[in-house]
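Since the structure comes first, as structure tokens, the remarks are kept for the end.
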Amino acid sequence: SSGINAEYGGSVEEDHKMPKRTRKGKEKAPSDSEEELFDVSEEEEEEEEEQESRYDQIDEDNEEESEVDDSNFTFEEKENEADIGIIEAIELVNFMCHRHLKLTFGPNINFIVGVNGSGKSAVLVALTVCLGAKAGFTNRASKLNELIRGGASYATISVRLRNRGGEAYKPELFGESIIIERRLSKDGAAQYKIKSANGHTVSSTAGELQMITEQFNIQVNNPCAILMQDTSRQFLNSSRAQDKYELFLKATQLDQMKKDFEDIHKDQTDMMILLSKKKTLLPEMQKQVDELEREYKEMQQVRDWETQVRDFKNMLAWAYVTEDEKEIAGLKKEIEAEKRGASNHEAKVAELTRSNQEIDHKYEEKNKELNDFTEQLKVATSQKSEIEAQIREFKKEEAKSTLKVNDLKKKIDAVRRRRDAVLRNIRETEERIAKAAREDRESKTKEIQVAKEKLRHLQDDTSKIKAEKDGIFRKLEETMVKLREAESRVTELNTQKRNLQNEIQTLKRQKQDKLQVYGQKTPELLKAIAGNNRRFRKTPIGPLGMKVELSVGLEWALGVETAITTQTLKSFVVDNVEDEKSLKELCNRTQVRPPAIITSKFVDQPYQNLDEPPPNFLTALRGVRCEEPIISNVITDQRRAEGLVIVDNREQATQLMYNTNPMPQGIVEAYTKRGERVFRTRGGAQNILAGPDNVEILGVNVEDKIRDAEEQVKVIDYQIEEVGRERTAAEKTRQEIENDKRLVQRKLTSQEQAMNGIAEDIREMERQAAESDRNSNLSEDVIEQQASVTALENEMKDLQNQLPGAEEEAARAKKKFLPLETKLQEYSKQSDGMEEKLGKIEKELQRLMQNSENGKKTLADLMRKQGESESKIAKINLAVTALETALQDKIEKAMQICPRRVETDKTTTVLNRQILALETKIRKEQEGRKKTSMEVTKQFLDAKKRFSEVAGEMTNLIEFQERIRQHLDGRYRRWIYFRKAIARRTNILFNAFLARKGYAGHLTFDHKAKTLDIFIQLDKMRSEKENVSRDTKSLSGGERSYSTVALLLSLWEAMETPFRAMDEFDVFMDAVNRRISMELLINAARMHKNRQFIFITPHEFSTIKTGPDIKIHRMYPPERGQATLHDMQE
């Protein structure tokens, strides 16, 4: 590290390395954004931005000063071995493929070497499981009991950790070593035993293990501390920029610090919530103080109430006396008043008796007068009715005569009007004949010409209306076409929508069961294979698509799948012909349609020395990552996948297959991203086949497809609405055109009727003109009309002769009833006078009767009141006597209560109510209070003091919480600085390690987007224009593996774990890259003797110089009956 510090101008070790973590935070998902962690004000955000800009400037300055030769990069060697946390030994029993394995590790560099299947990776899996990792972290099992060796009922893992020096964990209990033992059972149980160096069990709790790993800073879940096989293979190849950034945070423990900050912030928030809840208790305490104060004051009030009660009782005693005296005086006054009222009643009774007698006499006289007038009125009414009947008969005769006279007059007037009309007609006819003789011919000729001109104009207008009608019919036809097209479009869109909805349902079923894409019966077939595993020599593998992953971007998925073919991906692979027959029989027995079955010998190694195109070409084989070698071999055999090239577009494919000479080595066919196939036939003909519409298996994201289909449904719904609106608009236009059509038709009909009318007028005028000579015959009409006048005058004379007789008859009828009418008026006048007088008599009788009744009622009341007064006087006299006797007793009692008479204006009722209220208050106070006055006073003063103290403490705690928040905000800002500094340092180290092989590279961190991108330049000495930075996906296997090693070493420099492990880091390297990487790892490890390194590889070390600090463990595949695999050391 000192070498780094010297060359890069700063104390990288002190400034950039994170402090050792001593507390493990709770597992909790990080917040969506760092800005949401703390409630920071705008001023603090501006200050933080300024501080970050200063940090960025420091990074830029460091970068300018770091322009040095990376090949001279050196490390300061740390000679002391680690005292705590390194692995001294590990022992496995019945774990995975090992029956019994024990390894002893060196303190610095350890290699585990062995061929595939020898159980190298099982050592790291056992290490992580024993130190507390979950089964899912190992990528080997979903449950721990799945790691137990086949045929065994349990498995045991034992790890010995060094525990020396000043930071040793409980050395008095454990000694210089801690043995952690974990036992796994088939029933899923897992037990811990934590033992001392001599094998004594000290604890059996997971909490104790957690304390040990925290003390030793062992990061089991850090993917860089223990880089498993799958993680090593996928590290740079397929991980996203977000995954790399997350790996960086986990490796440097920045994510754990952030989680710690989040936990502290949550605790602080919980504390503030608790304080807020506690703060709500203050009003309750204040209420308690107020209640005690009220109780204290009420104790003082009780004594005042008792004094008032005594005073009120004295007043009450004499108030009773006063009330009785007043009552006696009132009764005596009432007796006097009653006596005066009784004498007045006697005089009124005598007067009313005389008045009633006079009224009865007058009533009898008036009643007799009423009877006489009633008889007279009946006689007058009878005579009047007879006269009225005679008058009605005479008036009927007079009305008939009058009606006859009026009828004759009307007829005479009608005949006169007819005669006068005929005379006027004769004069007009004679004048018209005279004028018509001069002008008729000229007038008729002009009228005919005007009518013909008007007819011509109407014909022109009619032609225009017909043209307008033809245009409307054309518009109507166009609109109907649009309507039919809209309806057809709606039908088509609804069909598309139903298809998409069916596809969504299928995709949702596929989401629930990923095997649905391989056929509905595929899950049943796999279940049947698992249940009949003994029938096969080797278990069939399939569908192949379940064992294959896309190793390139999703944009290449369609091309890769088309090249391999969907049928191949849906097929099964068996090891031999017997297994093929067994699989087919199993399909028949389970009624499952047999899939495509490929027979190929199962091997553990993929094909080597394939005739592949240059590395810059993407092939179908390079585009996928297979779980087992047999799968890649089958794809190679079935499709020659190593020679199927995938390019961007058809132009590139055509150029490659038809226009490139010579053809690059190993290319068989070309496919495009869209799945188009470009190839040559045996005769040299060029062929291009279109690809499928979409991907079925590789890189399929069902969620995205469901989301896309739902979006398409929304688009179709929108299109349906749009087409519906267009159809509505077209329908509206059709209705408008129909209205215009009807309007034009009405106009056309009106024009035609007008034309027909004018033509008829022209024909009539021509006929009249032709018959103009006949006008001379009009004199005959005049003669006829004159004869008619003579006849009318004769008729009028006859009617006039009849009129006098009718008038005389009417006059005679009228003379008959005139005398009777005079007589009727006299009778009516006499009858009205009698009725009026009779009414007055009846009113007088009613008045006299009412007066008589009122007098009798008044007389009865006076007599009743007279009797009541006498009775009341007697009763009052008795009451006065009784009250006077009781008054003497009350005076004696009042003298006993209060010898001195107390005068008051309050009544006894008011005094009793006041006394009762005060006594009730006093009784309630005495009954409800069990404390003495002294106790109440003491409690009141104590509660008041306690309230003041709690309020002060609450204020102090709130201020303390605010200080904690400020400190936490400051630490979070420093965390941002650490993150930038460590990222900068990792970038420098990454470039320095790449320089060992002549490469150059850089890491691009985007802390806001949480991404990390890695770029490599394979020739450091070239200029920037000549040497293009490349993403790790475009590197070869060896280049990518070496870059992985460089990145891991740069991340290890920021880690404080006591040991690091890496599994199959050189799996894709050639011999040269492997040697360089191995030397780089060994040299870096030797610079850190206080750290332990464990490297796992399937390759030998013939070219590596070993030393005493390197320990190599060679492992061989487990054999039947194996007991113990001993270490072989070099």
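Order determines the names: the first chain of the structure tokens is A, the second B, and so forth; residues in each chain are numbered 1 upward, and ligands are numbered 1 upward as they are shown.
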According to DSSP computed on the backbone, where in stretch 519-650 of chain A is there strand (DSSP E or B)? Give the residues as a list of chain:residue names.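 For stretch 519-650 of chain A, the strand (DSSP E or B) set is A:Ile541, A:Val548, A:Glu549, A:Leu550, A:Phe572, A:Val573, A:Val574, A:Ile597, A:Ile598, A:Thr599, A:Leu618, A:Thr619, A:Val624, A:Arg625, A:Cys626, A:Leu644, A:Val645, A:Ile646, A:Val647.
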Limited to C-alpha atoms, could you put the picked residues into a file as a CSV table (one decimal), in the first residue's frame?
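After the write, selection39.csv holds the following:
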chain,number,residue,atom,x,y,z
A,541,ILE,CA,-32.2,-33.9,-19.6
A,548,VAL,CA,-29.9,-22.8,-21.5
A,549,GLU,CA,-29.6,-19.1,-20.7
A,550,LEU,CA,-28.9,-16.2,-23.1
A,572,PHE,CA,-35.0,-34.0,-24.5
A,573,VAL,CA,-31.5,-35.7,-24.4
A,574,VAL,CA,-30.9,-39.3,-23.3
A,597,ILE,CA,-35.7,-37.1,-28.2
A,598,ILE,CA,-32.0,-36.8,-29.0
A,599,THR,CA,-29.6,-39.7,-28.1
A,618,LEU,CA,-21.2,-13.9,-32.4
A,619,THR,CA,-22.3,-17.4,-33.0
A,624,VAL,CA,-26.0,-19.1,-24.9
A,625,ARG,CA,-24.7,-20.4,-21.6
A,626,CYS,CA,-25.5,-24.1,-20.9
A,644,LEU,CA,-24.1,-20.2,-37.1
A,645,VAL,CA,-23.2,-16.5,-37.1
A,646,ILE,CA,-25.6,-13.8,-35.8
A,647,VAL,CA,-25.3,-10.3,-37.3
Write out as a CSV table (one decimal) with C-alpha atoms, in the first residue's frame each polymer residue whose atoms come within 12 Å of A:Lys404, counting only C-alpha atoms; drop sequence neighbours fewer than 3 positions from it.
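Written out: out15.csv:
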chain,number,residue,atom,x,y,z
A,397,GLU,CA,-147.4,33.7,-27.9
A,398,GLU,CA,-145.7,37.2,-28.2
A,399,ALA,CA,-142.3,35.6,-28.8
A,400,LYS,CA,-143.7,33.5,-31.7
A,401,SER,CA,-145.2,36.5,-33.4
A,407,ASP,CA,-137.8,36.4,-40.1
A,408,LEU,CA,-139.8,38.3,-42.7
A,409,LYS,CA,-137.5,41.4,-42.2
A,410,LYS,CA,-134.4,39.2,-42.7
A,411,LYS,CA,-135.8,37.7,-45.9
A,799,LEU,CA,-142.6,39.5,-48.2
A,802,GLN,CA,-146.9,39.7,-45.2
A,803,LEU,CA,-145.0,41.9,-42.7
A,804,PRO,CA,-147.9,44.1,-41.4
A,805,GLY,CA,-150.1,41.1,-40.4
A,806,ALA,CA,-147.3,39.6,-38.5
A,807,GLU,CA,-146.6,42.8,-36.6
A,808,GLU,CA,-150.3,43.2,-35.7
A,809,GLU,CA,-150.5,39.7,-34.3
A,810,ALA,CA,-147.3,40.3,-32.2
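Among A:Gln308, A:Gln652, A:Thr885, A:Ser343, the residue with the shortest atom-to-atom distance to A:Leu918, counting only C-alpha atoms, is A:Gln308.
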Identify which of the residues A:Thr307, A:Gly85, A:Glu628, A:Glu503 lies closest to A:Glu167, counting only C-alpha atoms when measuring atom-to-atom distances. A:Gly85
Run DSSP on the backbone of this structure and report the residues of stretch 507-574 of chain A it assigns to alpha helix (DSSP H), as a JSON list (two decimals) with all heavy atoms, in the first residue's frame.
[["chain", "number", "residue", "atom", "x", "y", "z"],
["A", 507, "LEU", "N", -50.15, -16.18, -21.56],
["A", 507, "LEU", "CA", -48.91, -15.72, -20.94],
["A", 507, "LEU", "C", -49.02, -15.74, -19.42],
["A", 507, "LEU", "O", -48.04, -16.06, -18.72],
["A", 507, "LEU", "CB", -48.58, -14.29, -21.42],
["A", 507, "LEU", "CG", -48.13, -14.19, -22.88],
["A", 507, "LEU", "CD1", -48.04, -12.74, -23.30],
["A", 507, "LEU", "CD2", -46.77, -14.87, -23.09],
["A", 508, "LYS", "N", -50.19, -15.42, -18.87],
["A", 508, "LYS", "CA", -50.35, -15.46, -17.42],
["A", 508, "LYS", "C", -50.24, -16.90, -16.91],
["A", 508, "LYS", "O", -49.67, -17.13, -15.84],
["A", 508, "LYS", "CB", -51.69, -14.84, -17.02],
["A", 508, "LYS", "CG", -51.70, -13.32, -17.16],
["A", 508, "LYS", "CD", -53.02, -12.72, -16.72],
["A", 508, "LYS", "CE", -52.97, -11.20, -16.81],
["A", 508, "LYS", "NZ", -54.26, -10.60, -16.42],
["A", 509, "ARG", "N", -50.81, -17.84, -17.68],
["A", 509, "ARG", "CA", -50.64, -19.23, -17.28],
["A", 509, "ARG", "C", -49.18, -19.64, -17.39],
["A", 509, "ARG", "O", -48.65, -20.38, -16.54],
["A", 509, "ARG", "CB", -51.51, -20.12, -18.17],
["A", 509, "ARG", "CG", -53.00, -20.02, -17.89],
["A", 509, "ARG", "CD", -53.76, -21.15, -18.56],
["A", 509, "ARG", "NE", -53.63, -21.14, -20.01],
["A", 509, "ARG", "CZ", -54.44, -20.48, -20.83],
["A", 509, "ARG", "NH1", -55.44, -19.77, -20.34],
["A", 509, "ARG", "NH2", -54.26, -20.53, -22.14],
["A", 510, "GLN", "N", -48.50, -19.12, -18.45],
["A", 510, "GLN", "CA", -47.07, -19.41, -18.60],
["A", 510, "GLN", "C", -46.27, -18.79, -17.47],
["A", 510, "GLN", "O", -45.27, -19.36, -17.01],
["A", 510, "GLN", "CB", -46.58, -18.86, -19.94],
["A", 510, "GLN", "CG", -45.11, -19.15, -20.23],
["A", 510, "GLN", "CD", -44.69, -18.61, -21.58],
["A", 510, "GLN", "OE1", -45.51, -18.35, -22.44],
["A", 510, "GLN", "NE2", -43.40, -18.45, -21.77],
["A", 511, "LYS", "N", -46.70, -17.61, -16.99],
["A", 511, "LYS", "CA", -46.01, -16.97, -15.88],
["A", 511, "LYS", "C", -46.11, -17.82, -14.62],
["A", 511, "LYS", "O", -45.15, -17.95, -13.85],
["A", 511, "LYS", "CB", -46.62, -15.57, -15.64],
["A", 511, "LYS", "CG", -46.05, -14.84, -14.45],
["A", 511, "LYS", "CD", -46.77, -13.53, -14.24],
["A", 511, "LYS", "CE", -46.29, -12.85, -12.97],
["A", 511, "LYS", "NZ", -47.04, -11.62, -12.71],
["A", 512, "GLN", "N", -47.28, -18.41, -14.40],
["A", 512, "GLN", "CA", -47.46, -19.26, -13.23],
["A", 512, "GLN", "C", -46.68, -20.57, -13.36],
["A", 512, "GLN", "O", -46.21, -21.12, -12.38],
["A", 512, "GLN", "CB", -48.94, -19.55, -13.03],
["A", 512, "GLN", "CG", -49.75, -18.30, -12.71],
["A", 512, "GLN", "CD", -51.23, -18.56, -12.66],
["A", 512, "GLN", "OE1", -51.66, -19.68, -12.96],
["A", 512, "GLN", "NE2", -52.03, -17.58, -12.32],
["A", 522, "THR", "N", -45.96, -31.03, -20.49],
["A", 522, "THR", "CA", -44.55, -31.13, -20.11],
["A", 522, "THR", "C", -44.37, -31.27, -18.60],
["A", 522, "THR", "O", -43.55, -32.08, -18.14],
["A", 522, "THR", "CB", -43.76, -29.93, -20.65],
["A", 522, "THR", "OG1", -43.90, -29.89, -22.07],
["A", 522, "THR", "CG2", -42.29, -30.03, -20.28],
["A", 523, "PRO", "N", -45.08, -30.48, -17.74],
["A", 523, "PRO", "CA", -44.92, -30.69, -16.29],
["A", 523, "PRO", "C", -45.24, -32.12, -15.86],
["A", 523, "PRO", "O", -44.55, -32.68, -14.99],
["A", 523, "PRO", "CB", -45.89, -29.67, -15.68],
["A", 523, "PRO", "CG", -46.04, -28.62, -16.73],
["A", 523, "PRO", "CD", -45.95, -29.32, -18.03],
["A", 524, "GLU", "N", -46.26, -32.73, -16.46],
["A", 524, "GLU", "CA", -46.60, -34.10, -16.09],
["A", 524, "GLU", "C", -45.49, -35.06, -16.49],
["A", 524, "GLU", "O", -45.16, -36.00, -15.77],
["A", 524, "GLU", "CB", -47.91, -34.50, -16.76],
["A", 524, "GLU", "CG", -49.11, -33.64, -16.34],
["A", 524, "GLU", "CD", -50.37, -34.07, -17.05],
["A", 524, "GLU", "OE1", -50.37, -35.16, -17.66],
["A", 524, "GLU", "OE2", -51.37, -33.32, -17.00],
["A", 525, "LEU", "N", -44.88, -34.80, -17.69],
["A", 525, "LEU", "CA", -43.80, -35.66, -18.15],
["A", 525, "LEU", "C", -42.60, -35.58, -17.21],
["A", 525, "LEU", "O", -42.00, -36.60, -16.84],
["A", 525, "LEU", "CB", -43.40, -35.27, -19.57],
["A", 525, "LEU", "CG", -42.23, -36.06, -20.18],
["A", 525, "LEU", "CD1", -42.53, -37.56, -20.18],
["A", 525, "LEU", "CD2", -41.94, -35.58, -21.59],
["A", 526, "LEU", "N", -42.22, -34.34, -16.79],
["A", 526, "LEU", "CA", -41.08, -34.18, -15.88],
["A", 526, "LEU", "C", -41.36, -34.85, -14.54],
["A", 526, "LEU", "O", -40.46, -35.45, -13.94],
["A", 526, "LEU", "CB", -40.78, -32.69, -15.69],
["A", 526, "LEU", "CG", -40.22, -31.97, -16.92],
["A", 526, "LEU", "CD1", -40.03, -30.50, -16.62],
["A", 526, "LEU", "CD2", -38.89, -32.58, -17.37],
["A", 527, "LYS", "N", -42.58, -34.75, -14.09],
["A", 527, "LYS", "CA", -42.94, -35.39, -12.83],
["A", 527, "LYS", "C", -42.84, -36.92, -12.95],
["A", 527, "LYS", "O", -42.37, -37.61, -12.05],
["A", 527, "LYS", "CB", -44.35, -34.97, -12.44],
["A", 527, "LYS", "CG", -44.78, -35.47, -11.07],
["A", 527, "LYS", "CD", -46.16, -34.92, -10.73],
["A", 527, "LYS", "CE", -46.60, -35.40, -9.35],
["A", 527, "LYS", "NZ", -47.95, -34.89, -9.01],
["A", 528, "ALA", "N", -43.28, -37.42, -14.11],
["A", 528, "ALA", "CA", -43.21, -38.87, -14.32],
["A", 528, "ALA", "C", -41.75, -39.34, -14.41],
["A", 528, "ALA", "O", -41.39, -40.39, -13.88],
["A", 528, "ALA", "CB", -43.96, -39.23, -15.61],
["A", 529, "ILE", "N", -40.88, -38.53, -15.05],
["A", 529, "ILE", "CA", -39.46, -38.89, -15.14],
["A", 529, "ILE", "C", -38.85, -38.95, -13.76],
["A", 529, "ILE", "O", -38.10, -39.87, -13.42],
["A", 529, "ILE", "CB", -38.72, -37.89, -16.05],
["A", 529, "ILE", "CG1", -39.18, -38.04, -17.51],
["A", 529, "ILE", "CG2", -37.21, -38.09, -15.96],
["A", 529, "ILE", "CD1", -38.64, -36.99, -18.45],
["A", 530, "ALA", "N", -39.17, -37.93, -12.92],
["A", 530, "ALA", "CA", -38.61, -37.92, -11.57],
["A", 530, "ALA", "C", -39.11, -39.10, -10.74],
["A", 530, "ALA", "O", -38.37, -39.67, -9.93],
["A", 530, "ALA", "CB", -38.97, -36.60, -10.89],
["A", 531, "GLY", "N", -40.36, -39.49, -10.95],
["A", 531, "GLY", "CA", -40.90, -40.59, -10.17],
["A", 531, "GLY", "C", -40.43, -41.97, -10.66],
["A", 531, "GLY", "O", -40.57, -42.96, -9.95],
["A", 557, "ALA", "N", -31.79, -12.28, -28.90],
["A", 557, "ALA", "CA", -32.49, -13.51, -28.52],
["A", 557, "ALA", "C", -33.17, -14.17, -29.71],
["A", 557, "ALA", "O", -33.08, -15.39, -29.90],
["A", 557, "ALA", "CB", -33.51, -13.20, -27.42],
["A", 558, "LEU", "N", -33.87, -13.39, -30.57],
["A", 558, "LEU", "CA", -34.61, -13.97, -31.69],
["A", 558, "LEU", "C", -33.65, -14.64, -32.68],
["A", 558, "LEU", "O", -33.90, -15.73, -33.18],
["A", 558, "LEU", "CB", -35.45, -12.90, -32.40],
["A", 558, "LEU", "CG", -36.34, -13.38, -33.53],
["A", 558, "LEU", "CD1", -37.29, -14.46, -33.03],
["A", 558, "LEU", "CD2", -37.12, -12.23, -34.13],
["A", 559, "GLY", "N", -32.51, -13.99, -32.96],
["A", 559, "GLY", "CA", -31.55, -14.57, -33.89],
["A", 559, "GLY", "C", -30.94, -15.85, -33.35],
["A", 559, "GLY", "O", -30.82, -16.85, -34.07],
["A", 560, "VAL", "N", -30.56, -15.84, -32.05],
["A", 560, "VAL", "CA", -29.95, -17.04, -31.46],
["A", 560, "VAL", "C", -30.95, -18.19, -31.42],
["A", 560, "VAL", "O", -30.62, -19.34, -31.77],
["A", 560, "VAL", "CB", -29.41, -16.72, -30.05],
["A", 560, "VAL", "CG1", -28.90, -18.00, -29.37],
["A", 560, "VAL", "CG2", -28.30, -15.68, -30.11],
["A", 561, "GLU", "N", -32.19, -17.92, -31.00],
["A", 561, "GLU", "CA", -33.19, -18.99, -30.91],
["A", 561, "GLU", "C", -33.54, -19.53, -32.28],
["A", 561, "GLU", "O", -33.72, -20.74, -32.46],
["A", 561, "GLU", "CB", -34.45, -18.46, -30.22],
["A", 561, "GLU", "CG", -35.51, -19.53, -30.03],
["A", 561, "GLU", "CD", -36.68, -19.04, -29.19],
["A", 561, "GLU", "OE1", -36.39, -18.42, -28.14],
["A", 561, "GLU", "OE2", -37.82, -19.30, -29.57],
["A", 562, "THR", "N", -33.62, -18.66, -33.30],
["A", 562, "THR", "CA", -33.91, -19.14, -34.66],
["A", 562, "THR", "C", -32.78, -20.03, -35.16],
["A", 562, "THR", "O", -33.02, -21.05, -35.83],
["A", 562, "THR", "CB", -34.10, -17.95, -35.60],
["A", 562, "THR", "OG1", -35.12, -17.09, -35.06],
["A", 562, "THR", "CG2", -34.55, -18.42, -36.97],
["A", 563, "ALA", "N", -31.52, -19.68, -34.86],
["A", 563, "ALA", "CA", -30.38, -20.48, -35.31],
["A", 563, "ALA", "C", -30.39, -21.85, -34.63],
["A", 563, "ALA", "O", -30.19, -22.88, -35.28],
["A", 563, "ALA", "CB", -29.08, -19.74, -35.02],
["A", 564, "ILE", "N", -30.62, -21.88, -33.31],
["A", 564, "ILE", "CA", -30.64, -23.17, -32.60],
["A", 564, "ILE", "C", -31.92, -23.94, -32.91],
["A", 564, "ILE", "O", -31.92, -25.18, -32.88],
["A", 564, "ILE", "CB", -30.49, -22.93, -31.09],
["A", 564, "ILE", "CG1", -29.12, -22.26, -30.80],
["A", 564, "ILE", "CG2", -30.60, -24.21, -30.31],
["A", 564, "ILE", "CD1", -28.92, -21.88, -29.36],
["A", 566, "THR", "N", -36.35, -23.58, -32.20],
["A", 566, "THR", "CA", -37.22, -23.80, -31.04],
["A", 566, "THR", "C", -37.44, -25.29, -30.79],
["A", 566, "THR", "O", -37.54, -25.74, -29.64],
["A", 566, "THR", "CB", -38.57, -23.10, -31.27],
["A", 566, "THR", "OG1", -38.34, -21.73, -31.57],
["A", 566, "THR", "CG2", -39.45, -23.21, -30.04],
["A", 567, "GLN", "N", -37.49, -26.08, -31.86],
["A", 567, "GLN", "CA", -37.69, -27.52, -31.72],
["A", 567, "GLN", "C", -36.56, -28.15, -30.93],
["A", 567, "GLN", "O", -36.78, -29.01, -30.07],
["A", 567, "GLN", "CB", -37.80, -28.16, -33.12],
["A", 567, "GLN", "CG", -38.06, -29.66, -33.10],
["A", 567, "GLN", "CD", -39.44, -29.98, -32.51],
["A", 567, "GLN", "OE1", -40.33, -29.16, -32.54],
["A", 567, "GLN", "NE2", -39.61, -31.19, -31.99],
["A", 568, "THR", "N", -35.31, -27.71, -31.20],
["A", 568, "THR", "CA", -34.18, -28.24, -30.46],
["A", 568, "THR", "C", -34.28, -27.88, -28.98],
["A", 568, "THR", "O", -34.00, -28.69, -28.10],
["A", 568, "THR", "CB", -32.86, -27.70, -31.06],
["A", 568, "THR", "OG1", -32.79, -28.06, -32.43],
["A", 568, "THR", "CG2", -31.65, -28.28, -30.33],
["A", 569, "LEU", "N", -34.69, -26.64, -28.70],
["A", 569, "LEU", "CA", -34.78, -26.18, -27.31],
["A", 569, "LEU", "C", -35.90, -26.91, -26.55],
["A", 569, "LEU", "O", -35.86, -26.99, -25.33],
["A", 569, "LEU", "CB", -35.00, -24.67, -27.27],
["A", 569, "LEU", "CG", -33.83, -23.82, -27.77],
["A", 569, "LEU", "CD1", -34.23, -22.36, -27.85],
["A", 569, "LEU", "CD2", -32.61, -23.98, -26.88]]
Computed interatomic separation between atom CA of A:Lys1111 and atom CA of A:Ile90 (Å):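 It comes out at 14.5 Å.
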So, counting only C-alpha atoms, which residue among A:Phe617, A:Lys816, A:Asn633, A:Glu726 is closest to A:Leu1035?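 Ranking A:Phe617, A:Lys816, A:Asn633, A:Glu726 by distance to A:Leu1035, first place goes to A:Phe617.
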